[in-house]
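Pasting coords_35.txt here (compact mmCIF, C-alpha atoms):
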# COMPACT_ATOMS: atom_id res chain seq x y z
CA MET A 293 -42.43 38.00 -90.97
CA ASN A 294 -44.99 36.66 -88.52
CA THR A 295 -43.62 33.77 -86.48
CA ARG A 296 -46.96 32.74 -84.94
CA VAL A 297 -48.51 31.24 -88.07
CA ARG A 298 -49.50 27.67 -87.22
CA ARG A 299 -48.31 24.85 -89.43
CA HIS A 300 -51.02 23.18 -91.51
CA ALA A 301 -50.88 19.66 -92.89
CA ARG A 302 -50.51 21.02 -96.42
CA ALA A 303 -49.71 24.57 -97.48
CA LEU A 304 -52.06 26.55 -99.70
CA ASP A 305 -51.47 25.90 -103.38
CA LEU A 306 -50.90 29.53 -104.36
CA ARG A 307 -50.12 28.60 -107.97
CA GLN A 308 -52.92 26.25 -108.96
CA GLY A 309 -55.43 26.44 -106.10
CA HIS A 310 -58.78 28.25 -106.04
CA ILE A 311 -61.09 29.74 -103.44
CA ASP A 312 -63.77 27.27 -102.38
CA MET A 313 -66.66 27.51 -99.95
CA ASN A 314 -64.57 25.97 -97.16
CA HIS A 315 -62.45 29.12 -97.14
CA GLY A 316 -65.50 31.01 -95.91
CA SER A 317 -66.63 28.49 -93.30
CA GLY A 318 -64.82 30.07 -90.38
CA GLY A 319 -62.95 26.83 -89.76
CA ARG A 320 -59.45 25.55 -90.43
CA ALA A 321 -59.50 26.46 -94.13
CA THR A 322 -60.43 30.06 -93.31
CA THR A 323 -57.66 30.33 -90.74
CA GLN A 324 -55.14 28.92 -93.20
CA LEU A 325 -56.19 31.39 -95.90
CA VAL A 326 -55.90 34.31 -93.51
CA GLU A 327 -52.55 33.23 -92.09
CA GLU A 328 -50.75 32.00 -95.21
CA LEU A 329 -52.02 34.62 -97.65
CA PHE A 330 -53.27 37.78 -95.92
CA LEU A 331 -51.12 37.82 -92.78
CA SER A 332 -48.09 36.85 -94.84
CA ALA A 333 -48.68 39.87 -97.10
CA PHE A 334 -49.81 42.47 -94.54
CA ASP A 335 -47.78 41.38 -91.48
CA ASN A 336 -47.35 44.12 -88.85
CA GLU A 337 -47.42 44.51 -85.08
CA TRP A 338 -51.12 45.46 -84.99
CA LEU A 339 -52.36 42.63 -87.21
CA ARG A 340 -50.08 39.93 -85.85
CA PRO A 341 -52.06 39.10 -82.66
CA MET A 342 -54.91 37.88 -84.93
CA ASP A 343 -57.64 39.26 -82.67
CA ASP A 344 -61.03 40.40 -83.93
CA GLN A 345 -59.89 44.00 -83.55
CA ALA A 346 -56.69 46.03 -83.60
CA ARG A 347 -55.43 48.31 -80.85
CA CYS A 348 -53.43 51.28 -82.04
CA ASP A 349 -52.24 54.65 -80.80
CA LEU A 350 -53.31 57.91 -82.39
CA PRO A 351 -51.34 61.14 -82.38
CA ALA A 352 -52.97 64.36 -81.28
CA GLY A 353 -55.59 65.82 -83.60
CA ARG A 354 -59.10 65.18 -84.83
CA LEU A 355 -59.93 61.69 -86.03
CA VAL A 356 -60.72 61.29 -89.74
CA VAL A 357 -62.39 58.08 -90.96
CA ALA A 358 -63.39 57.04 -94.50
CA THR A 359 -64.83 53.82 -95.93
CA ASP A 360 -64.81 52.83 -99.59
CA ALA A 361 -65.97 49.76 -101.53
CA HIS A 362 -64.15 48.63 -104.68
CA VAL A 363 -65.78 46.55 -107.42
CA VAL A 364 -63.55 47.18 -110.43
CA SER A 365 -63.73 44.96 -113.49
CA PRO A 366 -61.33 43.72 -114.75
CA LEU A 367 -59.44 43.06 -111.52
CA PHE A 368 -56.11 43.80 -113.21
CA PHE A 369 -55.65 46.75 -115.55
CA PRO A 370 -52.84 48.87 -117.01
CA GLY A 371 -51.21 50.71 -114.13
CA GLY A 372 -52.74 48.78 -111.24
CA ASP A 373 -55.30 46.34 -109.90
CA ILE A 374 -58.18 46.26 -107.45
CA GLY A 375 -55.77 45.92 -104.51
CA VAL A 376 -53.81 49.07 -105.30
CA LEU A 377 -57.09 50.86 -105.94
CA ALA A 378 -58.52 49.81 -102.57
CA VAL A 379 -55.51 51.23 -100.74
CA HIS A 380 -55.11 54.44 -102.71
CA GLY A 381 -58.83 55.22 -102.86
CA THR A 382 -59.31 55.20 -99.11
CA ILE A 383 -56.02 56.91 -98.31
CA ASN A 384 -57.07 59.70 -100.66
CA ASP A 385 -60.51 60.05 -99.07
CA VAL A 386 -58.82 60.60 -95.70
CA ALA A 387 -56.25 62.96 -97.22
CA MET A 388 -58.93 65.21 -98.73
CA ALA A 389 -59.58 66.51 -95.19
CA GLY A 390 -55.93 67.58 -95.02
CA ALA A 391 -55.36 64.59 -92.74
CA THR A 392 -52.47 62.19 -92.37
CA PRO A 393 -53.64 58.61 -93.07
CA LEU A 394 -52.36 56.11 -90.50
CA TYR A 395 -54.22 52.80 -90.66
CA LEU A 396 -56.44 50.76 -92.96
CA THR A 397 -58.78 47.84 -92.46
CA ALA A 398 -59.81 45.61 -95.36
CA GLY A 399 -62.83 43.38 -95.96
CA PHE A 400 -62.82 40.84 -98.81
CA ILE A 401 -65.82 39.25 -100.50
CA LEU A 402 -64.31 36.34 -102.44
CA GLU A 403 -66.07 34.39 -105.17
CA GLU A 404 -65.87 30.63 -105.20
CA GLY A 405 -63.41 29.64 -107.93
CA LEU A 406 -61.18 32.72 -107.68
CA PRO A 407 -57.60 31.55 -108.37
CA LEU A 408 -55.45 31.81 -105.25
CA ALA A 409 -52.66 33.15 -107.46
CA ASP A 410 -54.84 36.12 -108.35
CA LEU A 411 -55.76 36.71 -104.72
CA LYS A 412 -52.12 36.57 -103.67
CA ARG A 413 -51.20 39.03 -106.42
CA ILE A 414 -53.91 41.41 -105.18
CA ALA A 415 -52.88 41.06 -101.53
CA ASP A 416 -49.21 41.60 -102.39
CA SER A 417 -49.99 44.75 -104.38
CA MET A 418 -52.15 46.06 -101.52
CA ALA A 419 -49.32 45.42 -99.09
CA GLU A 420 -46.78 47.21 -101.29
CA ALA A 421 -49.11 50.16 -101.87
CA ALA A 422 -49.75 50.51 -98.14
CA ARG A 423 -46.09 50.21 -97.19
CA SER A 424 -45.08 52.74 -99.83
CA ALA A 425 -47.67 55.14 -98.41
CA GLY A 426 -46.53 54.58 -94.82
CA VAL A 427 -49.93 53.17 -93.84
CA ALA A 428 -50.52 49.83 -92.09
CA ILE A 429 -53.35 47.38 -92.81
CA ILE A 430 -54.21 46.47 -89.23
CA ALA A 431 -57.46 44.45 -89.37
CA GLY A 432 -59.67 42.69 -91.88
CA ASP A 433 -62.29 40.10 -92.70
CA THR A 434 -63.03 37.58 -95.46
CA LYS A 435 -66.25 36.09 -96.70
CA VAL A 436 -66.82 33.62 -99.56
CA VAL A 437 -69.89 33.58 -101.81
CA GLU A 438 -71.03 31.09 -104.41
CA ARG A 439 -69.62 31.10 -107.91
CA GLY A 440 -71.11 33.86 -110.05
CA LYS A 441 -72.07 36.18 -107.18
CA ALA A 442 -69.01 38.42 -106.67
CA ASP A 443 -67.16 39.02 -109.96
CA GLY A 444 -63.98 37.55 -108.47
CA VAL A 445 -63.39 39.77 -105.47
CA PHE A 446 -64.90 42.86 -103.89
CA ILE A 447 -62.83 44.83 -101.37
CA THR A 448 -64.00 47.32 -98.76
CA THR A 449 -61.39 49.40 -96.98
CA THR A 450 -61.72 51.78 -94.04
CA GLY A 451 -59.04 54.37 -93.43
CA VAL A 452 -58.18 56.15 -90.19
CA GLY A 453 -56.11 59.31 -89.94
CA VAL A 454 -55.70 62.49 -87.94
CA VAL A 455 -55.95 66.13 -88.93
CA ASP A 456 -54.77 69.31 -87.23
CA PRO A 457 -57.87 70.86 -85.59
CA ALA A 458 -56.78 74.23 -87.00
CA LEU A 459 -57.41 73.03 -90.57
CA ASP A 460 -60.91 73.60 -91.93
CA ILE A 461 -61.06 71.94 -95.36
CA HIS A 462 -64.63 71.15 -96.36
CA ALA A 463 -66.68 70.97 -99.56
CA HIS A 464 -69.03 73.65 -98.21
CA ARG A 465 -66.29 76.32 -98.02
CA ALA A 466 -66.02 77.34 -101.70
CA ARG A 467 -66.69 81.08 -102.06
CA PRO A 468 -67.22 83.38 -105.07
CA ARG A 469 -63.93 84.51 -106.64
CA ASP A 470 -62.08 81.42 -105.33
CA CYS A 471 -59.82 79.66 -107.84
CA ILE A 472 -60.31 76.05 -108.93
CA LEU A 473 -57.16 73.95 -109.44
CA VAL A 474 -56.57 70.37 -110.52
CA SER A 475 -53.39 68.40 -109.87
CA GLY A 476 -53.05 66.86 -113.32
CA SER A 477 -54.60 65.21 -116.36
CA MET A 478 -58.18 64.00 -116.20
CA GLY A 479 -59.65 60.66 -117.26
CA ASP A 480 -56.59 58.40 -117.23
CA HIS A 481 -57.98 55.75 -114.87
CA GLY A 482 -61.38 55.30 -116.46
CA VAL A 483 -59.98 55.08 -119.98
CA ALA A 484 -57.34 52.56 -118.84
CA ILE A 485 -60.12 50.38 -117.42
CA MET A 486 -62.25 50.67 -120.55
CA SER A 487 -59.39 49.93 -122.91
CA GLU A 488 -58.51 46.78 -120.97
CA ARG A 489 -62.12 45.67 -120.66
CA GLU A 490 -62.88 46.12 -124.33
CA HIS A 491 -59.46 44.90 -125.53
CA LEU A 492 -58.77 48.21 -127.25
CA SER A 493 -55.28 49.30 -128.22
CA PHE A 494 -54.08 52.81 -128.96
CA ASP A 495 -50.81 54.21 -130.28
CA ALA A 496 -49.81 55.20 -126.73
CA ARG A 497 -50.67 52.87 -123.83
CA ILE A 498 -53.01 54.51 -121.33
CA LEU A 499 -52.27 53.71 -117.68
CA SER A 500 -54.38 54.22 -114.58
CA ASP A 501 -53.25 57.21 -112.52
CA SER A 502 -53.89 55.38 -109.22
CA ALA A 503 -51.69 56.95 -106.54
CA ALA A 504 -51.73 57.94 -102.87
CA LEU A 505 -52.10 61.72 -102.67
CA HIS A 506 -51.45 62.42 -98.98
CA GLY A 507 -47.84 63.48 -99.58
CA LEU A 508 -48.95 66.06 -102.14
CA VAL A 509 -51.72 67.24 -99.82
CA ALA A 510 -49.26 67.62 -96.93
CA ASP A 511 -47.08 69.90 -99.07
CA MET A 512 -50.12 71.90 -100.14
CA VAL A 513 -51.39 72.35 -96.58
CA ARG A 514 -47.98 73.45 -95.32
CA ALA A 515 -47.77 76.10 -98.03
CA VAL A 516 -51.42 77.21 -97.97
CA PRO A 517 -53.14 76.16 -94.73
CA GLY A 518 -56.17 78.21 -95.76
CA ILE A 519 -57.21 75.85 -98.60
CA HIS A 520 -61.01 75.86 -98.70
CA CYS A 521 -61.85 72.54 -100.42
CA LEU A 522 -60.14 69.35 -101.55
CA ARG A 523 -61.83 66.55 -103.50
CA ASP A 524 -60.56 63.57 -105.47
CA PRO A 525 -62.64 63.32 -108.67
CA THR A 526 -63.14 59.56 -108.75
CA ARG A 527 -66.46 58.05 -109.86
CA GLY A 528 -68.20 60.61 -112.07
CA GLY A 529 -64.98 62.50 -112.75
CA LEU A 530 -64.22 66.20 -112.63
CA ALA A 531 -67.71 67.25 -113.74
CA THR A 532 -69.52 65.39 -110.98
CA ALA A 533 -67.08 66.49 -108.28
CA LEU A 534 -67.50 70.16 -109.23
CA ASN A 535 -71.28 69.83 -109.21
CA GLU A 536 -71.12 68.23 -105.76
CA ILE A 537 -68.98 71.05 -104.37
CA ALA A 538 -71.15 73.73 -106.02
CA GLU A 539 -74.25 72.20 -104.42
CA GLN A 540 -72.65 71.81 -100.99
CA SER A 541 -71.25 75.37 -101.00
CA GLY A 542 -74.26 77.02 -102.60
CA VAL A 543 -72.21 78.55 -105.42
CA GLY A 544 -71.60 78.17 -109.16
CA MET A 545 -68.45 77.26 -111.09
CA ARG A 546 -66.98 78.55 -114.33
CA ILE A 547 -64.21 76.50 -115.88
CA ARG A 548 -62.19 76.83 -119.09
CA GLU A 549 -61.92 73.84 -121.39
CA SER A 550 -58.54 74.99 -122.71
CA ALA A 551 -57.09 75.03 -119.18
CA ILE A 552 -58.10 71.47 -118.21
CA PRO A 553 -55.16 69.06 -118.64
CA ILE A 554 -56.20 65.97 -120.62
CA ARG A 555 -53.69 63.70 -122.33
CA ALA A 556 -54.00 63.60 -126.10
CA GLU A 557 -54.34 59.81 -126.06
CA VAL A 558 -57.11 59.99 -123.43
CA ARG A 559 -58.96 62.63 -125.42
CA ALA A 560 -58.65 60.51 -128.58
CA ALA A 561 -59.85 57.39 -126.78
CA CYS A 562 -62.86 59.26 -125.38
CA GLU A 563 -63.76 60.53 -128.84
CA PHE A 564 -63.51 56.97 -130.18
CA LEU A 565 -65.68 55.60 -127.36
CA GLY A 566 -68.16 58.46 -127.39
CA LEU A 567 -67.29 59.54 -123.84
CA ASP A 568 -66.69 62.94 -122.25
CA PRO A 569 -63.36 62.96 -120.33
CA LEU A 570 -64.82 65.37 -117.76
CA TYR A 571 -67.02 62.52 -116.48
CA ILE A 572 -64.33 59.83 -116.45
CA ALA A 573 -62.95 58.58 -113.13
CA ASN A 574 -59.52 59.47 -111.78
CA GLU A 575 -57.72 57.70 -108.94
CA GLY A 576 -54.60 59.83 -108.50
CA LYS A 577 -55.77 63.41 -109.02
CA LEU A 578 -57.37 66.05 -106.83
CA ILE A 579 -59.33 69.27 -107.07
CA ALA A 580 -58.34 72.17 -104.81
CA ILE A 581 -60.29 75.37 -104.24
CA CYS A 582 -58.63 78.32 -102.54
CA SER A 583 -58.79 82.10 -102.45
CA ALA A 584 -57.47 83.92 -105.50
CA ASP A 585 -54.72 85.42 -103.34
CA ASP A 586 -53.39 81.94 -102.49
CA ALA A 587 -53.78 80.37 -105.93
CA GLY A 588 -50.33 81.22 -107.28
CA ALA A 589 -48.53 79.84 -104.24
CA LEU A 590 -50.68 76.72 -104.20
CA LEU A 591 -50.11 76.07 -107.91
CA ALA A 592 -46.35 76.39 -107.45
CA VAL A 593 -46.18 73.88 -104.60
CA MET A 594 -48.41 71.44 -106.49
CA ARG A 595 -46.21 71.60 -109.57
CA ALA A 596 -43.12 71.00 -107.43
CA HIS A 597 -44.48 67.58 -106.40
CA PRO A 598 -44.26 64.59 -108.81
CA LEU A 599 -48.01 63.96 -108.51
CA GLY A 600 -48.83 67.59 -109.28
CA ALA A 601 -46.42 68.35 -112.11
CA GLN A 602 -49.30 69.04 -114.52
CA ALA A 603 -51.33 71.08 -112.06
CA ALA A 604 -53.39 73.93 -113.51
CA ILE A 605 -55.85 76.63 -112.53
CA ILE A 606 -58.95 75.72 -114.53
CA GLY A 607 -61.55 78.24 -113.43
CA GLU A 608 -63.19 80.13 -110.61
CA VAL A 609 -66.10 79.95 -108.21
CA VAL A 610 -68.98 82.35 -108.92
CA ALA A 611 -72.14 83.47 -107.16
CA ASP A 612 -75.04 81.44 -108.57
CA THR A 613 -78.19 80.51 -106.69
CA LEU A 614 -78.79 77.69 -109.18
CA HIS A 615 -75.36 76.15 -108.46
CA PHE A 616 -74.56 75.57 -112.13
CA VAL A 617 -71.16 74.48 -113.46
CA GLU A 618 -70.50 76.22 -116.79
CA MET A 619 -67.57 75.71 -119.14
CA GLU A 620 -66.07 78.11 -121.66
CA THR A 621 -65.36 75.87 -124.64
CA ALA A 622 -62.21 75.86 -126.72
CA PHE A 623 -64.20 77.57 -129.48
CA GLY A 624 -65.19 80.50 -127.29
CA GLY A 625 -68.75 79.41 -126.58
CA SER A 626 -70.11 78.00 -123.34
CA ARG A 627 -71.99 74.91 -122.21
CA MET A 628 -73.41 73.50 -119.04
CA VAL A 629 -71.44 70.78 -117.30
CA ASP A 630 -74.31 68.99 -115.59
CA TRP A 631 -74.46 66.09 -113.19
CA LEU A 632 -73.58 62.70 -114.61
CA ALA A 633 -76.63 60.90 -115.98
CA GLY A 634 -76.29 57.12 -116.14
CA ASP A 635 -73.06 55.19 -115.74
CA PRO A 636 -70.82 55.20 -118.84
CA LEU A 637 -68.15 53.02 -117.19
CA PRO A 638 -69.57 50.50 -114.69
CA ARG A 639 -67.27 48.91 -112.11
CA ILE A 640 -64.27 51.22 -112.40
CA CYS A 641 -63.48 52.02 -108.78
Could you write out this structure as structure tokens?
Amino acid sequence: MNTRVRRHARALDLRQGHIDMNHGSGGRATTQLVEELFLSAFDNEWLRPMDDQARCDLPAGRLVVATDAHVVSPLFFPGGDIGVLAVHGTINDVAMAGATPLYLTAGFILEEGLPLADLKRIADSMAEAARSAGVAIIAGDTKVVERGKADGVFITTTGVGVVDPALDIHAHRARPRDCILVSGSMGDHGVAIMSEREHLSFDARILSDSAALHGLVADMVRAVPGIHCLRDPTRGGLATALNEIAEQSGVGMRIRESAIPIRAEVRAACEFLGLDPLYIANEGKLIAICSADDAGALLAVMRAHPLGAQAAIIGEVVADTLHFVEMETAFGGSRMVDWLAGDPLPRIC
């Protein structure tokens, strides 16, 4: 625990207190909030000096940096909260380059009136998620806006990692005859958010799949260093991610509906809500594209990891100058899986 935190006349009331505009003034109240809440939760050797920047060493390799903003509503949902999401989302963005995430920074936009108990709960869950992933939160910032202008809290995180220069994992490397794999069931996160937001209950509780994927990716890269593409299908889901890769690589995709893992309860919830699970966000799943020769080995190593136990080969890359994603339906027909139009689930990641 940090021993340099200065003593204030009265400690923050973390049970009954609320964020007020003084916490964003840059004065004593701001310092107290940072020290007693954020530094207490995130304490580490890089953050502890309380400078405006952090100084840290990097191992050999190419630098990988990713930034993500998180505006989920509600802030707390089955299987996680905005804090866990902010950590996992950025770690995963770094990991999709085959990189090892090392450090995070975090920026908080706090709404006047936010209960300090909620903010502490979010900070504590961020700290636990980061520690469990072996990643340190080494710098940050807070701002406060007037009541009604921030939906409680918005969090922006930046992740820093390193990748072996020999690895070449990019969304433009998909090639015809490559295999398309997913690490598990689609749509869990988005449906968990919607069910909480709309106060819906189902026979089986649906939990967010939010998880840090860098351990799974490390196993995959060790087994198949020639992986062509990795992508986490977050906002816009599997369908949007495949369309993005097809466009970037200048290819088409053919997937099989029967091969795509979707939990029965998620499928039922989507039918009830009039949603397509292929467009629903995930926060703990990935797409991998590799040569057909490597697909069997990659599938085996994914299934050997707890976060890839339901991994499946769902289709293949094809030559297509129009870059279409087409799906063979469970009834033997086919349909286009186009880009997402509109936003069926606002504020989910």
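Remark: residues at most 6 Å from position (-61.8, 76.1, -96.7) in file coordinates are Asp460, Ile461, His462, Arg465, Ile519, His520 and Cys521 of chain A, using only C-alpha atoms.
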Selection as an MDAnalysis selection string: residues within 12 Å of (-75.8, 70.8, -101.4), counting only C-alpha atoms: chainID A and resid 463:466 533:544 613:616
Residues near stretch 415-431 of chain A, cut-off 7 Å, all atoms listed in the file, skip fewer than 2 positions along chain, as an NGL selection string: :A and (330 or 333-334 or 338-339 or 345-346 or 375-376 or 379 or 393-398 or 411-413 or 504)
Long-range neighbours of A:Pro370 as an NGL selection string, 10 Å cut-off, only C-alpha atoms, 5 positions minimum in chain: :A and (481 or 483-485 or 487-488 or 497-501)
Coordinates-based distance that separates atom CA of A:Asp524 from atom CA of A:Val455 (Å, one decimal):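 For atom CA of A:Val455 relative to atom CA of A:Asp524, the distance reads 17.4 Å.
Relative to atom CA of A:Val364, atom CA of A:Leu377 is found at 8.7 Å.
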Residue nearest A:Val363 among A:Gly624, A:Gly444, A:Pro553, A:Gly399 (counting all atoms listed in the file):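 Among A:Gly624, A:Gly444, A:Pro553, A:Gly399, it is A:Gly444 that comes nearest to A:Val363.
Computed from the coordinates, the atom CA of A:Asp470 to atom CA of A:Ala596 distance equals 21.7 Å.
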Shell around A:Ser475 at 10 Å using all atoms listed in the file, local window under 5 positions removed, as JSON, numbers by chain: {"A": [505, 508, 524, 553, 576, 577, 578, 579, 580, 591, 594, 595, 597, 598, 599, 600, 601, 602, 603, 604, 605]}
Shortest interatomic distance to A:Arg514 - which of A:Met628, A:Ala391, A:Ile640, A:Met619, counting only C-alpha atoms: A:Ala391
Closest of A:Asp585, A:Asp344, A:Asp312, A:Asp385 to A:Asp360 - atom-to-atom distances counting only C-alpha atoms: A:Asp385
For A:Arg639, find every residue with an atom within 12 Å (counting only C-alpha atoms), except residues of its own chain fewer than 6 positions away, and show them as a tab-separated table (two decimals) with C-alpha atoms, keeping the file's coordinate frame.
chain	number	residue	atom	x	y	z
A	361	ALA	CA	-65.97	49.76	-101.53
A	362	HIS	CA	-64.15	48.63	-104.68
A	363	VAL	CA	-65.78	46.55	-107.42
A	364	VAL	CA	-63.55	47.18	-110.43
A	365	SER	CA	-63.73	44.96	-113.49
A	366	PRO	CA	-61.33	43.72	-114.75
A	367	LEU	CA	-59.44	43.06	-111.52
A	374	ILE	CA	-58.18	46.26	-107.45
A	442	ALA	CA	-69.01	38.42	-106.67
A	443	ASP	CA	-67.16	39.02	-109.96
A	445	VAL	CA	-63.39	39.77	-105.47
A	446	PHE	CA	-64.90	42.86	-103.89
A	481	HIS	CA	-57.98	55.75	-114.87
A	482	GLY	CA	-61.38	55.30	-116.46
A	485	ILE	CA	-60.12	50.38	-117.42
A	486	MET	CA	-62.25	50.67	-120.55
A	489	ARG	CA	-62.12	45.67	-120.66
A	526	THR	CA	-63.14	59.56	-108.75
A	527	ARG	CA	-66.46	58.05	-109.86
A	528	GLY	CA	-68.20	60.61	-112.07
A	573	ALA	CA	-62.95	58.58	-113.13
Residue contacts of A:Leu406 (8 Å, only C-alpha atoms) excluding same-chain residues fewer than 2 positions away, as a list in words: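 The filter keeps His310, Ile311, Leu402, Glu403, Glu404, Leu408, Asp410, Leu411, Gly444 and Val445 of chain A.
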Using all atoms listed in the file: which of A:Arg467, A:Ala556, A:Met313, A:Arg523 has the shortest distance to A:Asp495: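 Of A:Arg467, A:Ala556, A:Met313, A:Arg523, the one nearest A:Asp495, counting all atoms listed in the file, is A:Ala556.
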Best match for closeness to A:Thr449 among A:Ile401, A:Cys471, A:Ala515, A:Val437, counting all atoms listed in the file: A:Ile401
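When all atoms listed in the file are used to measure the gap to A:Asp480, the shortest distance among A:Glu575, A:Ile552, A:Lys435, A:Gly390 belongs to A:Glu575.
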